[in-house]
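Structure file work-v6.txt; described as compact mmCIF, C-alpha atoms.
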```txt
# COMPACT_ATOMS: atom_id res chain seq x y z
CA MET A 1 -45.11 34.57 5.97
CA LYS A 2 -43.07 37.71 5.70
CA LYS A 3 -40.86 38.55 8.64
CA ILE A 4 -41.24 41.88 10.44
CA ILE A 5 -37.73 43.01 9.58
CA GLU A 6 -35.91 41.77 6.54
CA PRO A 7 -32.54 43.51 6.19
CA LYS A 8 -32.19 42.33 2.61
CA ASN A 9 -34.82 44.92 1.65
CA LEU A 10 -32.20 47.56 2.34
CA MET A 11 -29.60 46.00 0.05
CA LEU A 12 -31.98 45.26 -2.81
CA GLY A 13 -32.26 48.88 -3.93
CA ILE A 14 -28.57 49.57 -3.51
CA TRP A 15 -27.27 46.89 -5.84
CA LYS A 16 -29.39 44.09 -7.26
CA GLU A 17 -32.55 46.05 -8.01
CA ASN A 18 -30.93 49.48 -8.26
CA PRO A 19 -33.65 51.90 -9.45
CA ILE A 20 -31.45 53.33 -12.19
CA PHE A 21 -29.32 50.43 -13.37
CA TYR A 22 -31.86 47.63 -12.94
CA LEU A 23 -35.40 49.02 -12.72
CA MET A 24 -34.43 51.91 -15.04
CA LEU A 25 -36.90 54.23 -13.39
CA GLY A 26 -36.54 57.92 -12.68
CA LEU A 27 -34.26 58.65 -15.60
CA CYS A 28 -35.68 62.15 -16.16
CA PRO A 29 -34.22 63.87 -13.08
CA LEU A 30 -31.12 61.78 -13.60
CA LEU A 31 -30.52 63.20 -17.07
CA ALA A 32 -31.24 66.70 -15.90
CA VAL A 33 -29.37 66.98 -12.64
CA SER A 34 -26.35 64.72 -13.14
CA GLY A 35 -24.32 67.42 -14.93
CA SER A 36 -22.54 68.48 -11.76
CA LEU A 37 -21.68 66.61 -8.57
CA ARG A 38 -22.95 69.26 -6.17
CA ASP A 39 -26.45 69.30 -7.67
CA ALA A 40 -26.50 65.50 -7.85
CA LEU A 41 -25.71 65.26 -4.15
CA GLY A 42 -28.55 67.65 -3.29
CA MET A 43 -30.98 65.81 -5.52
CA GLY A 44 -29.97 62.47 -3.98
CA ALA A 45 -30.50 63.77 -0.45
CA ALA A 46 -33.91 65.26 -1.30
CA PHE A 47 -34.79 62.00 -2.98
CA ILE A 48 -33.92 59.83 0.02
CA PHE A 49 -36.04 62.06 2.27
CA VAL A 50 -39.09 61.95 0.01
CA LEU A 51 -38.80 58.24 -0.71
CA LEU A 52 -38.44 57.38 2.97
CA GLY A 53 -41.34 59.64 3.93
CA SER A 54 -43.68 58.45 1.22
CA ASN A 55 -42.86 54.77 1.76
CA ILE A 56 -43.50 55.00 5.49
CA THR A 57 -46.73 56.97 5.07
CA VAL A 58 -48.07 54.71 2.34
CA SER A 59 -47.28 51.67 4.44
CA VAL A 60 -49.04 53.14 7.49
CA ILE A 61 -52.21 53.92 5.57
CA ARG A 62 -52.12 50.86 3.29
CA LYS A 63 -54.92 49.01 5.09
CA ILE A 64 -57.42 51.87 5.11
CA VAL A 65 -56.95 52.96 1.48
CA PRO A 66 -59.42 51.25 -0.87
CA ALA A 67 -57.71 49.82 -3.97
CA HIS A 68 -59.54 52.02 -6.46
CA VAL A 69 -58.35 55.32 -4.98
CA ARG A 70 -54.81 54.22 -4.08
CA ILE A 71 -52.98 55.96 -6.93
CA PRO A 72 -54.39 59.47 -6.23
CA VAL A 73 -53.79 58.94 -2.52
CA PHE A 74 -50.15 57.97 -3.16
CA ILE A 75 -49.66 60.99 -5.40
CA VAL A 76 -51.06 63.32 -2.74
CA VAL A 77 -48.70 61.81 -0.15
CA ILE A 78 -45.69 62.15 -2.46
CA ALA A 79 -46.65 65.69 -3.50
CA THR A 80 -46.83 66.73 0.14
CA PHE A 81 -43.33 65.52 0.91
CA VAL A 82 -41.94 67.03 -2.29
CA SER A 83 -43.50 70.43 -1.52
CA VAL A 84 -42.11 70.39 2.01
CA ILE A 85 -38.62 69.72 0.62
CA ASP A 86 -39.15 72.41 -2.01
CA TYR A 87 -40.01 75.06 0.60
CA SER A 88 -37.22 73.98 2.94
CA LEU A 89 -34.55 74.12 0.25
CA ALA A 90 -35.78 77.54 -0.92
CA ALA A 91 -35.53 78.75 2.65
CA PHE A 92 -32.29 77.15 3.81
CA SER A 93 -30.28 76.39 0.67
CA PRO A 94 -31.37 78.85 -2.03
CA GLN A 95 -28.38 78.11 -4.26
CA LEU A 96 -29.17 74.40 -4.43
CA HIS A 97 -32.85 75.20 -4.90
CA LYS A 98 -31.90 77.39 -7.84
CA ASN A 99 -29.73 74.69 -9.41
CA LEU A 100 -32.29 71.90 -9.07
CA GLY A 101 -34.87 74.22 -10.60
CA VAL A 102 -37.91 72.55 -12.04
CA TYR A 103 -36.66 69.02 -11.36
CA LEU A 104 -37.40 69.27 -7.67
CA PRO A 105 -41.19 69.83 -8.03
CA LEU A 106 -41.17 67.30 -10.87
CA MET A 107 -40.28 64.61 -8.34
CA VAL A 108 -44.04 64.42 -7.69
CA VAL A 109 -44.47 62.44 -10.86
CA ASN A 110 -41.24 60.52 -10.44
CA CYS A 111 -41.81 56.89 -11.22
CA ILE A 112 -39.41 55.54 -8.57
CA LEU A 113 -41.53 57.14 -5.84
CA LEU A 114 -44.87 55.95 -7.18
CA GLY A 115 -43.33 52.63 -8.21
CA ARG A 116 -42.02 51.85 -4.73
CA ALA A 117 -45.28 53.03 -3.09
CA GLU A 118 -47.30 50.78 -5.38
CA ALA A 119 -44.98 47.78 -5.68
CA PHE A 120 -43.57 47.67 -2.17
CA ALA A 121 -44.91 49.98 0.53
CA SER A 122 -48.57 49.22 -0.15
CA LYS A 123 -47.88 45.52 0.49
CA ASN A 124 -45.33 45.55 3.31
CA ASN A 125 -45.08 46.68 6.91
CA VAL A 126 -43.64 50.03 7.99
CA ILE A 127 -40.14 48.84 8.92
CA ASN A 128 -39.58 46.95 5.69
CA SER A 129 -41.00 49.85 3.70
CA ALA A 130 -38.65 52.26 5.44
CA LEU A 131 -35.72 49.93 4.67
CA ASP A 132 -36.81 49.72 1.06
CA GLY A 133 -37.11 53.53 0.89
CA ILE A 134 -33.62 54.05 2.29
CA GLY A 135 -32.13 51.34 0.08
CA MET A 136 -33.73 52.62 -3.11
CA GLY A 137 -32.83 56.18 -2.12
CA ILE A 138 -29.19 55.28 -1.55
CA GLY A 139 -29.18 53.28 -4.78
CA PHE A 140 -30.49 56.31 -6.69
CA THR A 141 -28.05 58.67 -4.98
CA MET A 142 -25.08 56.39 -5.71
CA ALA A 143 -26.10 56.06 -9.33
CA ILE A 144 -26.57 59.81 -9.81
CA LEU A 145 -23.26 60.56 -8.06
CA ILE A 146 -21.32 58.12 -10.24
CA ILE A 147 -22.91 59.49 -13.40
CA ALA A 148 -22.44 63.09 -12.29
CA SER A 149 -18.75 62.59 -11.48
CA ILE A 150 -18.09 61.09 -14.91
CA ARG A 151 -20.08 63.81 -16.67
CA GLU A 152 -18.62 66.68 -14.71
CA LEU A 153 -15.07 65.41 -15.13
CA LEU A 154 -15.36 64.84 -18.88
CA GLY A 155 -17.77 67.68 -19.61
CA GLN A 156 -16.20 70.46 -17.58
CA GLY A 157 -12.89 69.04 -16.33
CA THR A 158 -13.95 69.65 -12.73
CA LEU A 159 -15.20 67.73 -9.69
CA PHE A 160 -17.40 69.60 -7.19
CA GLY A 161 -16.46 72.70 -9.20
CA ILE A 162 -12.73 72.22 -8.55
CA ASN A 163 -10.54 72.11 -11.62
CA MET A 164 -9.07 68.61 -11.98
CA LEU A 165 -7.71 68.35 -15.50
CA GLY A 166 -5.88 71.67 -15.93
CA ASP A 167 -6.70 74.72 -18.04
CA ASN A 168 -5.70 73.11 -21.32
CA TYR A 169 -8.37 70.44 -21.05
CA LEU A 170 -10.91 70.79 -23.86
CA PRO A 171 -14.27 69.59 -22.45
CA PHE A 172 -16.61 67.20 -24.26
CA LEU A 173 -19.65 69.42 -24.71
CA ILE A 174 -21.92 66.43 -25.22
CA MET A 175 -21.21 65.20 -21.70
CA ILE A 176 -23.01 68.17 -20.12
CA MET A 177 -25.99 67.71 -22.42
CA PRO A 178 -28.64 65.02 -21.78
CA PRO A 179 -27.30 62.67 -24.50
CA GLY A 180 -24.06 62.49 -22.50
CA ALA A 181 -26.05 61.12 -19.57
CA PHE A 182 -27.60 58.44 -21.77
CA ILE A 183 -24.20 57.37 -23.04
CA VAL A 184 -22.77 57.18 -19.51
CA ILE A 185 -25.81 55.26 -18.22
CA GLY A 186 -25.50 52.80 -21.09
CA PHE A 187 -21.87 52.07 -20.29
CA LEU A 188 -22.58 51.73 -16.56
CA ILE A 189 -25.47 49.31 -17.11
CA ALA A 190 -23.22 47.22 -19.36
CA ILE A 191 -20.57 47.16 -16.63
CA LYS A 192 -23.12 46.25 -13.94
CA ASN A 193 -24.55 43.44 -16.08
CA SER A 194 -21.11 42.01 -16.76
CA ILE A 195 -20.35 41.91 -13.02
CA GLY A 196 -23.55 40.05 -12.25
CA GLY A 197 -27.26 40.35 -11.64
CA LYS A 198 -28.12 40.44 -15.33
CA LYS A 199 -31.69 41.38 -16.08
CA LYS A 200 -33.69 38.38 -17.23
CA CYS A 201 -36.15 38.88 -20.04
CA MET B 1 -68.65 48.72 -7.47
CA LYS B 2 -70.75 48.87 -4.33
CA LYS B 3 -72.00 52.15 -2.98
CA LYS B 4 -70.12 51.51 0.25
CA ASP B 5 -66.81 51.21 -1.60
CA ILE B 6 -67.36 54.47 -3.43
CA ILE B 7 -68.08 56.32 -0.21
CA ALA B 8 -65.06 54.76 1.51
CA GLY B 9 -62.88 55.91 -1.38
CA ILE B 10 -64.22 59.45 -1.20
CA VAL B 11 -63.78 59.65 2.56
CA VAL B 12 -60.21 58.34 2.51
CA LEU B 13 -59.06 60.52 -0.40
CA LEU B 14 -60.73 63.57 1.08
CA SER B 15 -59.27 63.13 4.55
CA ILE B 16 -55.76 62.46 3.18
CA SER B 17 -56.01 65.61 1.04
CA VAL B 18 -57.23 67.73 3.94
CA LEU B 19 -54.45 66.43 6.16
CA SER B 20 -51.83 67.09 3.52
CA GLY B 21 -53.24 70.54 2.83
CA PHE B 22 -52.95 71.35 6.51
CA LEU B 23 -49.34 70.12 6.65
CA LEU B 24 -48.42 72.12 3.57
CA ALA B 25 -49.97 75.27 4.99
CA GLN B 26 -47.84 74.84 8.10
CA ALA B 27 -44.68 74.20 6.09
CA TYR B 28 -45.40 77.26 3.94
CA ARG B 29 -46.06 79.45 6.95
CA LEU B 30 -42.85 78.34 8.63
CA THR B 31 -40.59 78.79 5.62
CA LYS B 32 -42.10 81.89 3.98
CA PRO B 33 -40.32 84.58 6.03
CA LYS B 34 -37.04 82.73 5.56
CA ILE B 35 -37.53 82.42 1.79
CA GLU B 36 -38.23 86.16 1.41
CA GLU B 37 -35.25 86.93 3.59
CA GLN B 38 -33.04 84.77 1.33
CA LYS B 39 -34.25 86.63 -1.75
CA LYS B 40 -33.42 89.96 -0.15
CA ILE B 41 -30.01 88.72 1.00
CA GLU B 42 -29.22 87.58 -2.52
CA GLU B 43 -30.19 90.96 -4.00
CA GLU B 44 -28.18 92.85 -1.41
CA ARG B 45 -25.22 90.53 -1.87
CA LEU B 46 -25.20 91.23 -5.61
CA ASN B 47 -25.56 94.99 -5.05
CA ARG B 48 -22.58 94.90 -2.70
CA GLU B 49 -20.61 92.75 -5.11
CA ILE B 50 -21.02 95.39 -7.81
CA PHE B 51 -20.34 98.34 -5.48
CA ASN B 52 -18.10 97.09 -2.70
CA GLU B 53 -17.72 100.64 -1.34
CA GLY B 54 -21.51 101.11 -1.29
CA ILE B 55 -22.88 102.00 2.14
CA LYS B 56 -26.35 103.32 1.48
CA PHE B 57 -28.76 102.02 -1.17
CA SER B 58 -31.94 103.93 -1.98
CA GLN B 59 -34.66 104.04 -4.63
CA ASP B 60 -34.03 106.51 -7.42
CA LYS B 61 -34.93 107.31 -11.03
CA VAL B 62 -32.60 108.03 -13.94
CA LYS B 63 -34.28 109.18 -17.18
CA GLU B 64 -37.63 107.82 -15.95
CA ARG B 65 -36.10 104.42 -15.22
CA PRO B 66 -36.46 103.17 -11.65
CA CYS B 67 -33.14 102.12 -10.17
CA THR B 68 -31.16 101.91 -6.96
CA ALA B 69 -28.81 104.75 -6.18
CA VAL B 70 -25.64 103.78 -4.32
CA TYR B 71 -23.84 106.14 -1.94
CA LYS B 72 -20.34 105.90 -0.51
CA GLU B 73 -19.39 106.29 3.12
CA ASN B 74 -18.74 110.05 2.68
CA GLY B 75 -22.25 110.51 1.29
CA GLU B 76 -20.99 110.88 -2.29
CA LEU B 77 -22.93 109.16 -5.07
CA ALA B 78 -21.12 106.02 -6.29
CA GLY B 79 -23.50 105.03 -9.06
CA TRP B 80 -26.76 103.31 -9.91
CA ILE B 81 -27.95 99.74 -10.21
CA PHE B 82 -30.62 98.93 -12.77
CA ASP B 83 -32.77 95.82 -12.87
CA LEU B 84 -33.09 94.32 -16.34
CA LYS B 85 -35.26 91.52 -17.60
CA THR B 86 -34.60 89.71 -20.84
CA THR B 87 -35.38 86.38 -22.46
CA GLY B 88 -32.61 83.86 -22.87
CA TYR B 89 -32.70 80.32 -24.16
CA GLY B 90 -34.64 78.78 -21.31
CA GLY B 91 -36.78 81.62 -20.01
CA ASN B 92 -36.35 84.95 -18.29
CA ILE B 93 -32.97 86.27 -17.21
CA LEU B 94 -32.96 88.91 -14.47
CA ILE B 95 -29.88 91.10 -14.64
CA LYS B 96 -28.47 93.71 -12.28
CA ALA B 97 -26.45 96.31 -14.15
CA GLY B 98 -24.26 98.64 -12.12
CA PHE B 99 -23.17 102.02 -13.55
CA ASP B 100 -20.62 104.45 -12.13
CA SER B 101 -21.72 108.03 -11.54
CA ASP B 102 -20.22 108.93 -14.96
CA MET B 103 -22.44 106.23 -16.55
CA LYS B 104 -19.63 103.79 -17.30
CA ILE B 105 -20.49 100.13 -16.74
CA ARG B 106 -19.30 99.15 -13.31
CA GLY B 107 -20.39 95.54 -13.14
CA ILE B 108 -23.07 93.12 -14.28
CA ARG B 109 -24.61 90.34 -12.19
CA ILE B 110 -27.28 87.73 -12.92
CA LEU B 111 -30.01 87.60 -10.28
CA GLU B 112 -32.12 84.79 -11.73
CA HIS B 113 -32.04 82.62 -14.82
CA THR B 114 -33.25 79.26 -16.11
CA GLU B 115 -30.60 78.63 -18.77
CA THR B 116 -29.28 75.13 -19.53
CA PRO B 117 -27.16 73.93 -16.59
CA GLY B 118 -23.51 73.68 -17.59
CA LEU B 119 -23.94 75.75 -20.78
CA GLY B 120 -26.13 78.86 -20.59
CA SER B 121 -25.79 78.86 -16.82
CA LYS B 122 -22.21 80.05 -17.33
CA ILE B 123 -23.55 83.58 -17.93
CA THR B 124 -23.15 83.91 -14.16
CA ASP B 125 -19.39 83.27 -14.37
CA THR B 126 -17.11 86.23 -13.72
CA LYS B 127 -15.13 85.15 -16.78
CA PHE B 128 -18.08 86.20 -18.93
CA LEU B 129 -19.53 89.05 -16.85
CA GLY B 130 -16.11 90.61 -16.13
CA GLN B 131 -15.81 91.59 -19.79
CA PHE B 132 -18.54 94.23 -19.50
CA LYS B 133 -16.68 96.60 -17.19
CA GLY B 134 -16.14 100.03 -18.75
CA MET B 135 -17.50 98.99 -22.16
CA GLU B 136 -19.13 101.45 -24.58
CA PRO B 137 -22.38 100.55 -26.39
CA SER B 138 -20.55 100.59 -29.74
CA VAL B 139 -18.44 97.56 -28.74
CA LEU B 140 -21.08 95.78 -26.65
CA TYR B 141 -21.64 93.04 -29.21
CA LEU B 142 -20.55 89.43 -29.29
CA LYS B 143 -17.33 89.08 -31.27
CA LYS B 144 -19.03 86.65 -33.63
CA ASP B 145 -21.97 89.00 -34.29
CA LYS B 146 -20.11 92.17 -35.22
CA SER B 147 -16.49 92.88 -36.04
CA GLU B 148 -16.24 95.73 -33.52
CA GLY B 149 -17.73 93.54 -30.77
CA LEU B 150 -15.47 92.91 -27.81
CA ILE B 151 -17.51 90.37 -25.82
CA ASP B 152 -16.50 86.73 -25.96
CA GLY B 153 -19.65 84.60 -25.98
CA ILE B 154 -19.88 81.32 -24.07
CA THR B 155 -19.18 78.18 -26.07
CA GLY B 156 -22.45 76.41 -26.82
CA ALA B 157 -24.53 79.20 -25.32
CA THR B 158 -24.60 81.96 -27.90
CA ILE B 159 -28.28 82.77 -27.31
CA SER B 160 -27.82 83.23 -23.58
CA SER B 161 -24.67 85.34 -23.97
CA ARG B 162 -26.26 87.43 -26.72
CA ALA B 163 -29.38 88.06 -24.62
CA VAL B 164 -27.34 89.46 -21.74
CA THR B 165 -25.09 91.55 -24.01
CA GLU B 166 -27.98 93.06 -25.97
CA SER B 167 -30.01 93.86 -22.92
CA VAL B 168 -27.11 95.71 -21.27
CA ARG B 169 -26.29 97.55 -24.49
CA LYS B 170 -29.89 98.70 -24.95
CA LEU B 171 -30.00 100.03 -21.41
CA GLN B 172 -26.75 101.88 -21.89
CA GLU B 173 -27.95 103.42 -25.18
CA GLU B 174 -31.12 104.53 -23.46
CA LEU B 175 -29.23 106.16 -20.64
CA GLU B 176 -26.80 108.06 -22.85
```
Kindly present the structure from the file in structure tokens form.
Amino acid sequence: MKKIIEPKNLMLGIWKENPIFYLMLGLCPLLAVSGSLRDALGMGAAFIFVLLGSNITVSVIRKIVPAHVRIPVFIVVIATFVSVIDYSLAAFSPQLHKNLGVYLPLMVVNCILLGRAEAFASKNNVINSALDGIGMGIGFTMAILIIASIRELLGQGTLFGINMLGDNYLPFLIMIMPPGAFIVIGFLIAIKNSIGGKKKC
Amino acid sequence: MKKKDIIAGIVVLLSISVLSGFLLAQAYRLTKPKIEEQKKIEEERLNREIFNEGIKFSQDKVKERPCTAVYKENGELAGWIFDLKTTGYGGNILIKAGFDSDMKIRGIRILEHTETPGLGSKITDTKFLGQFKGMEPSVLYLKKDKSEGLIDGITGATISSRAVTESVRKLQEELE
């Protein structure tokens, strides 16, 4: 039987089953918000909070939720956490709230959140679900930070808004646009696969 | 599906929704005053950025257009700030346009916009907005649109830069 605490659940999301590079879920906010490091960091933090909250809640209520209503219940849980984050950011960090724009409320339909609720939290105990939430959250945040630093550096010549490549640097426009994110993700997945943990068909 | 299962589903979904509705109401109630405060702070910050000598701001009208009159410390009128709304590439752009008391452009700021991050969002940069200071309507065109134009558009964001330029020019023509 499953143990009460399995630390490997934490590591799974960070490397081997990274939501972006392995599961390839949640690419929409990734494309949209990875243009600058500052926004990516905010998105990652909001994401960890929501994923942790929804995983824990789903795990707590998993035994009382009948199978045929589980998806709407999970969505309601996720939407609640997302709205709380939305209000809090508007109140305490308006600039970040402005930059994340529509992608923050869109987290409600994010497939990583629903995917982890359905595939993990609804079948595992609270502690393991929390570990999974943190792991997947960190995995997502790492992925978005790596992609954002590459895109911001090549697309604008800056990191965290600080000029890195000098005034004569001519930015790659495509890097700030969504196709730039696809190209970067493609390269990063190729690198990850060559290191190990190749996806089996 | 048995009747019992259907009822169980309804009860669970309903109670989760009620609980979440209650939590949301609390979160909204707690953050609302703070959110409104932030909006006001942002507006005031922009007003002060345009008129750094401004001490008193009050509602006013110039040629039937509602605006904010700005007064200096000695009670003298410094100028007016107009709120403009225009459509850019990704939705509405809210602009604050500051005019000196002799109706010369003092400064332009962007209050709200939903332009493409990294491209159109650069309309908020001082590099772009700084060009408007002291401009006449006759030269308030993008350089690429008209030969007399003196405004450098933003690379890859012509629509956003044009929207801001046109909107400010139209206001200035109206006020003349």
Kindly provide the residues of chain B that approach chain A to within 6 Å, each paired with its closest atom pair and their distance in Å to one decimal, based on all atoms listed in the file, listed by chain and increasing number, as CSV.
```
residue,atom,partner,partner_atom,distance
B:Gly9,CA,A:Val69,CA,5.8
B:Leu13,CA,A:Val73,CA,5.9
B:Thr31,CA,A:Ala91,CA,5.9
B:Lys34,CA,A:Ala91,CA,5.2
B:Ile35,CA,A:Ala91,CA,4.3
```
Excluding same-chain residues fewer than 3 positions from region 16-21 of chain A, what lies within 6 Å of it counting only C-alpha atoms, as a list in words?
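Neighbouring residues, sequence-local ones excluded: Leu12, Gly13, Met24, Leu25, Gly139 and Ile189 of chain A.
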Show me the residues around (-18.0, 96.5, -10.9) - criterion: an atom at most 10 Å away, all atoms listed in the file counted - as a compact mmCIF listing (two decimals) with C-alpha atoms, keeping the file's coordinate frame.
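Below is the file selection35.txt, written as the result:
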```txt
# COMPACT_ATOMS: atom_id res chain seq x y z
CA ASN B 47 -25.56 94.99 -5.05
CA ARG B 48 -22.58 94.90 -2.70
CA GLU B 49 -20.61 92.75 -5.11
CA ILE B 50 -21.02 95.39 -7.81
CA PHE B 51 -20.34 98.34 -5.48
CA ASN B 52 -18.10 97.09 -2.70
CA ALA B 97 -26.45 96.31 -14.15
CA GLY B 98 -24.26 98.64 -12.12
CA PHE B 99 -23.17 102.02 -13.55
CA ASP B 100 -20.62 104.45 -12.13
CA LYS B 104 -19.63 103.79 -17.30
CA ILE B 105 -20.49 100.13 -16.74
CA ARG B 106 -19.30 99.15 -13.31
CA GLY B 107 -20.39 95.54 -13.14
CA ILE B 108 -23.07 93.12 -14.28
CA ARG B 109 -24.61 90.34 -12.19
CA LEU B 129 -19.53 89.05 -16.85
CA GLY B 130 -16.11 90.61 -16.13
CA PHE B 132 -18.54 94.23 -19.50
CA LYS B 133 -16.68 96.60 -17.19
CA GLY B 134 -16.14 100.03 -18.75
```
For CA of Ala130 (chain A) and CA of Lys8 (chain A), the interatomic separation in Å (one decimal):
12.2 Å
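Nearest residue to Lys96 (chain B) among B:Leu171, B:Leu30, B:Ile151, B:Leu46 is B:Leu46, counting all atoms listed in the file.
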Out of A:Ile4, A:Leu37, A:Ile75, A:Leu104, which residue has the shortest atom-to-atom distance to Arg151 (chain A) when counting only C-alpha atoms?
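Answer, going by the shortest atom-to-atom distance: A:Leu37.
Counting all atoms listed in the file, the residue from B:Ile81, B:Ile7, B:Ile93, B:Leu23 that sits nearest to Gln59 (chain B) is B:Ile81.
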Restricting to only C-alpha atoms, whichever of A:Ala45, A:Ala148, A:Val82, A:Ala40 is closest to Phe182 (chain A) is A:Ala148
State, in Å with one decimal place, the distance from CA of Ile159 (chain B) to CA of Leu27 (chain A).
27.5 Å
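Between CA of Leu111 (chain B) and CA of Gln38 (chain B) the interatomic distance comes to 12.3 Å.
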Nearest to Ser160 (chain B): which of B:Gly21, B:Gly54, B:Gly91, B:Gly79 is it, counting all atoms listed in the file?
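Ranked by minimum distance to Ser160 (chain B), first place goes to B:Gly91.
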List as a PyMOL selection string: which residues have an atom within 9 Å of (-44.5, 55.2, 3.7), counting all atoms listed in the file?
chain A and resi 51-62+77+117+121-122+126+129-130+133
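Closest approach to Tyr103 (chain A) among B:Pro117, B:Lys72, B:Met1, B:Lys32: B:Pro117, based on all atoms listed in the file.
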Output as a compact mmCIF listing (two decimals), in the coordinates of the input: region 97-117 of chain B, completed with N, CA and C atoms.
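Saved as part16.txt:
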```txt
# COMPACT_ATOMS: atom_id res chain seq x y z
N ALA B 97 -27.51 95.60 -13.44
CA ALA B 97 -26.45 96.31 -14.15
C ALA B 97 -26.03 97.52 -13.34
N GLY B 98 -24.77 97.54 -12.92
CA GLY B 98 -24.26 98.64 -12.12
C GLY B 98 -23.53 99.65 -12.99
N PHE B 99 -23.84 100.95 -12.80
CA PHE B 99 -23.17 102.02 -13.55
C PHE B 99 -22.51 102.98 -12.58
N ASP B 100 -21.28 103.42 -12.92
CA ASP B 100 -20.62 104.45 -12.13
C ASP B 100 -21.36 105.77 -12.29
N SER B 101 -21.01 106.74 -11.46
CA SER B 101 -21.72 108.03 -11.54
C SER B 101 -21.49 108.71 -12.88
N ASP B 102 -20.40 108.36 -13.62
CA ASP B 102 -20.22 108.93 -14.96
C ASP B 102 -20.81 108.02 -16.04
N MET B 103 -21.70 107.10 -15.63
CA MET B 103 -22.44 106.23 -16.55
C MET B 103 -21.58 105.22 -17.29
N LYS B 104 -20.43 104.90 -16.75
CA LYS B 104 -19.63 103.79 -17.30
C LYS B 104 -20.10 102.51 -16.61
N ILE B 105 -20.05 101.39 -17.35
CA ILE B 105 -20.49 100.13 -16.74
C ILE B 105 -19.54 99.74 -15.62
N ARG B 106 -20.11 99.51 -14.46
CA ARG B 106 -19.30 99.15 -13.31
C ARG B 106 -19.22 97.62 -13.18
N GLY B 107 -20.38 97.00 -13.27
CA GLY B 107 -20.39 95.54 -13.14
C GLY B 107 -21.77 95.00 -13.45
N ILE B 108 -21.81 93.77 -13.94
CA ILE B 108 -23.07 93.12 -14.28
C ILE B 108 -23.19 91.85 -13.45
N ARG B 109 -24.38 91.61 -12.91
CA ARG B 109 -24.61 90.34 -12.19
C ARG B 109 -25.94 89.74 -12.66
N ILE B 110 -26.04 88.42 -12.56
CA ILE B 110 -27.28 87.73 -12.92
C ILE B 110 -28.01 87.36 -11.63
N LEU B 111 -29.24 87.87 -11.50
CA LEU B 111 -30.01 87.60 -10.28
C LEU B 111 -30.73 86.26 -10.40
N GLU B 112 -31.36 86.03 -11.54
CA GLU B 112 -32.12 84.79 -11.73
C GLU B 112 -32.05 84.39 -13.18
N HIS B 113 -31.99 83.09 -13.43
CA HIS B 113 -32.04 82.62 -14.82
C HIS B 113 -32.47 81.16 -14.83
N THR B 114 -32.91 80.68 -15.99
CA THR B 114 -33.25 79.26 -16.11
C THR B 114 -32.58 78.71 -17.36
N GLU B 115 -31.33 79.12 -17.60
CA GLU B 115 -30.60 78.63 -18.77
C GLU B 115 -30.12 77.19 -18.53
N THR B 116 -29.73 76.52 -19.62
CA THR B 116 -29.28 75.13 -19.53
C THR B 116 -28.12 74.99 -18.54
N PRO B 117 -28.27 74.13 -17.54
CA PRO B 117 -27.16 73.93 -16.59
C PRO B 117 -25.91 73.47 -17.33
```
